[in-house]
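Colleague: Just entry_38.txt, nothing more (compact mmCIF, C-alpha atoms):
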```
# COMPACT_ATOMS: atom_id res chain seq x y z
CA MET A 1 50.07 -87.86 -153.64
CA ARG A 2 52.09 -85.36 -155.65
CA LYS A 3 53.40 -82.38 -153.73
CA HIS A 4 53.49 -78.99 -155.39
CA ILE A 5 53.78 -75.31 -154.56
CA PRO A 6 53.52 -72.16 -156.67
CA ILE A 7 57.00 -71.40 -157.97
CA GLU A 8 56.87 -67.88 -156.54
CA SER A 9 56.67 -69.46 -153.05
CA TYR A 10 59.91 -71.39 -153.55
CA SER A 11 62.73 -70.79 -151.10
CA PRO A 12 65.70 -73.11 -150.65
CA VAL A 13 65.63 -75.67 -147.85
CA SER A 14 68.83 -77.13 -146.44
CA GLY A 15 69.54 -80.62 -147.75
CA GLN A 16 67.25 -80.35 -150.76
CA VAL A 17 68.18 -79.80 -154.37
CA LEU A 18 66.58 -77.85 -157.20
CA ILE A 19 66.34 -79.59 -160.58
CA ASP A 20 65.70 -77.71 -163.83
CA VAL A 21 64.58 -80.17 -166.54
CA ARG A 22 64.75 -77.70 -169.44
CA THR A 23 67.27 -77.99 -172.27
CA PRO A 24 70.83 -76.75 -171.72
CA GLU A 25 70.09 -73.88 -174.13
CA GLU A 26 67.07 -72.77 -172.08
CA PHE A 27 69.07 -73.15 -168.86
CA ALA A 28 71.89 -70.98 -170.26
CA GLN A 29 69.40 -68.19 -171.02
CA GLY A 30 68.45 -68.01 -167.33
CA HIS A 31 67.61 -70.23 -164.38
CA ILE A 32 66.88 -70.13 -160.67
CA GLU A 33 70.09 -69.70 -158.71
CA GLY A 34 71.43 -73.01 -157.43
CA ALA A 35 69.51 -75.14 -159.93
CA VAL A 36 71.06 -78.25 -161.46
CA ASN A 37 70.19 -78.79 -165.13
CA ILE A 38 69.10 -82.32 -166.11
CA ASN A 39 67.49 -82.18 -169.55
CA PHE A 40 64.25 -84.18 -169.59
CA PHE A 41 64.68 -84.78 -173.33
CA ASP A 42 68.13 -86.34 -172.88
CA PRO A 43 67.94 -90.10 -173.61
CA ASP A 44 70.01 -90.61 -170.44
CA PHE A 45 67.69 -88.50 -168.25
CA VAL A 46 66.98 -91.29 -165.74
CA SER A 47 70.62 -92.26 -165.24
CA LEU A 48 71.70 -88.61 -165.03
CA PHE A 49 68.99 -88.00 -162.45
CA ARG A 50 70.03 -91.07 -160.44
CA ASP A 51 73.62 -89.77 -160.39
CA GLU A 52 72.46 -86.44 -158.97
CA VAL A 53 69.59 -87.27 -156.59
CA PRO A 54 69.32 -90.23 -154.18
CA LYS A 55 65.84 -91.80 -154.01
CA GLU A 56 65.38 -90.83 -150.37
CA MET A 57 66.19 -87.15 -150.94
CA ALA A 58 63.54 -84.45 -151.26
CA PHE A 59 63.96 -82.20 -154.29
CA TYR A 60 62.27 -79.34 -156.09
CA ILE A 61 61.71 -79.63 -159.84
CA TYR A 62 60.68 -77.15 -162.54
CA CYS A 63 60.79 -76.47 -166.28
CA LYS A 64 59.63 -73.61 -168.52
CA SER A 65 55.92 -73.68 -167.66
CA GLY A 66 55.19 -76.95 -165.85
CA GLY A 67 54.58 -79.54 -168.57
CA ARG A 68 57.96 -81.28 -168.74
CA SER A 69 58.50 -81.15 -165.00
CA SER A 70 55.07 -82.75 -164.42
CA LYS A 71 56.01 -85.56 -166.81
CA ALA A 72 59.40 -85.91 -165.13
CA VAL A 73 57.77 -86.19 -161.69
CA ALA A 74 55.39 -88.89 -162.95
CA LEU A 75 58.32 -90.83 -164.44
CA LEU A 76 60.43 -90.46 -161.29
CA GLU A 77 57.57 -91.46 -158.99
CA GLY A 78 57.24 -94.62 -161.07
CA LEU A 79 60.90 -95.32 -160.31
CA GLY A 80 60.40 -94.93 -156.57
CA TYR A 81 61.30 -91.27 -156.04
CA GLU A 82 58.85 -89.89 -153.48
CA GLY A 83 60.52 -86.60 -152.58
CA ALA A 84 59.51 -84.49 -155.58
CA ILE A 85 58.06 -81.06 -154.93
CA HIS A 86 56.77 -79.67 -158.22
CA LEU A 87 57.12 -75.92 -158.70
CA ASP A 88 53.90 -74.90 -160.46
CA GLY A 89 54.19 -72.31 -163.20
CA GLY A 90 57.80 -72.98 -164.14
CA PHE A 91 60.56 -70.55 -164.96
CA ASP A 92 58.26 -68.30 -166.98
CA ARG A 93 56.22 -67.62 -163.85
CA TRP A 94 59.36 -67.28 -161.70
CA VAL A 95 60.60 -64.48 -163.97
CA CYS A 96 57.32 -62.60 -163.45
CA PHE A 97 57.93 -62.50 -159.69
CA HIS A 98 61.70 -61.89 -159.59
```
How does this structure look as structure tokens?

Modeller:
Amino acid sequence: MRKHIPIESYSPVSGQVLIDVRTPEEFAQGHIEGAVNINFFDPDFVSLFRDEVPKEMAFYIYCKSGGRSSKAVALLEGLGYEGAIHLDGGFDRWVCFH
């Protein structure tokens, strides 16, 4: 079962990471503090993700509005990642609350 929370409820938890799957250009225009950028559209997305996040680790994931990060979670779950916590609403919603 996919875990998710509204992005405005996000607060960092020790030992977890925050992944932003937007493009580097989008990331450079603004992002949630502490986020690591792994572009979902990069052909090496899976290997880049594997380098950053161990399978057993819980992690938060977001994009601009929720579409790419939902697809990324589905892909990662298929590869055995079970610790995804999807941040509903994406960065656009985050900006509205911060």

Colleague: Here is a test: counting all atoms listed in the file, which residue of A:Ser9, A:Ser65, A:Thr23, A:Gln16 is nearest to A:Phe41?

Modeller: A:Thr23

Colleague: Please compute the atom CA of A:Phe59-atom CA of A:Pro12 distance, one decimal, in Å.

Modeller: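 Atom-to-atom, atom CA of A:Phe59 and atom CA of A:Pro12 are spaced 9.9 Å apart.
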
Colleague: Using all atoms listed in the file, which of A:Val53, A:Ala84, A:Ile5, A:Val21 sits nearest A:Arg68?

Modeller: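 Closest residue, counting all atoms listed in the file: A:Val21.
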
Colleague: Which neighbours of A:Gly67 fall inside 12 Å, counting all atoms listed in the file, when residues of the same chain fewer than 2 positions from it are skipped, and could you give them as an NGL selection string?

Modeller: :A and (21-22 or 40 or 61-65 or 69-74 or 86-92)

Colleague: Is it possible to get the residues within 10 Å of (64.6, -93.6, -157.0) (coordinates as in the file, counting all atoms listed in the file) written as a PyMOL selection string?

Modeller: chain A and resi 46+49-50+53-57+76-83

Colleague: Which value, in Å to one decimal, gives the distance between atom CA of A:Pro24 and atom CA of A:Phe45?

Modeller: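 Taking atom CA of A:Pro24 and atom CA of A:Phe45, their separation equals 12.6 Å.
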
Colleague: For the atom pair atom CA of A:Glu25 and atom CA of A:Glu8, what is the interatomic distance in Å to one decimal place?

Modeller: 22.8 Å

Colleague: Find the residues around A:Ala35 up to 7 Å (all atoms listed in the file counted), leave out those fewer than 2 positions away in its own chain, and share them as a PDB file with C-alpha atoms, keeping the file's coordinate frame.

Modeller:
```pdb
ATOM      1  CA  LEU A  18      66.580 -77.850-157.200  1.00  0.00           C
ATOM      2  CA  ILE A  19      66.340 -79.590-160.580  1.00  0.00           C
ATOM      3  CA  ASP A  20      65.700 -77.710-163.830  1.00  0.00           C
ATOM      4  CA  HIS A  31      67.610 -70.230-164.380  1.00  0.00           C
ATOM      5  CA  ILE A  32      66.880 -70.130-160.670  1.00  0.00           C
ATOM      6  CA  GLU A  33      70.090 -69.700-158.710  1.00  0.00           C
ATOM      7  CA  ASN A  37      70.190 -78.790-165.130  1.00  0.00           C
TER       8      ASN A  37
END
```

Colleague: Go through A:Glu52, A:Gly66, A:His4, A:Ser47 one by one, measure the shortest atom-to-atom distance of each to A:Val17 using only C-alpha atoms, and give the residue with the smallest value.

Modeller: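 Checking each of A:Glu52, A:Gly66, A:His4, A:Ser47 against A:Val17, counting only C-alpha atoms, the winner is A:Glu52.
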
Colleague: Here is a test: counting all atoms listed in the file, which residue of A:Asp42, A:Ile85, A:Gly34, A:Gln29 is nearest to A:Pro6?

Modeller: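 Selected residue with least distance to A:Pro6: A:Ile85.
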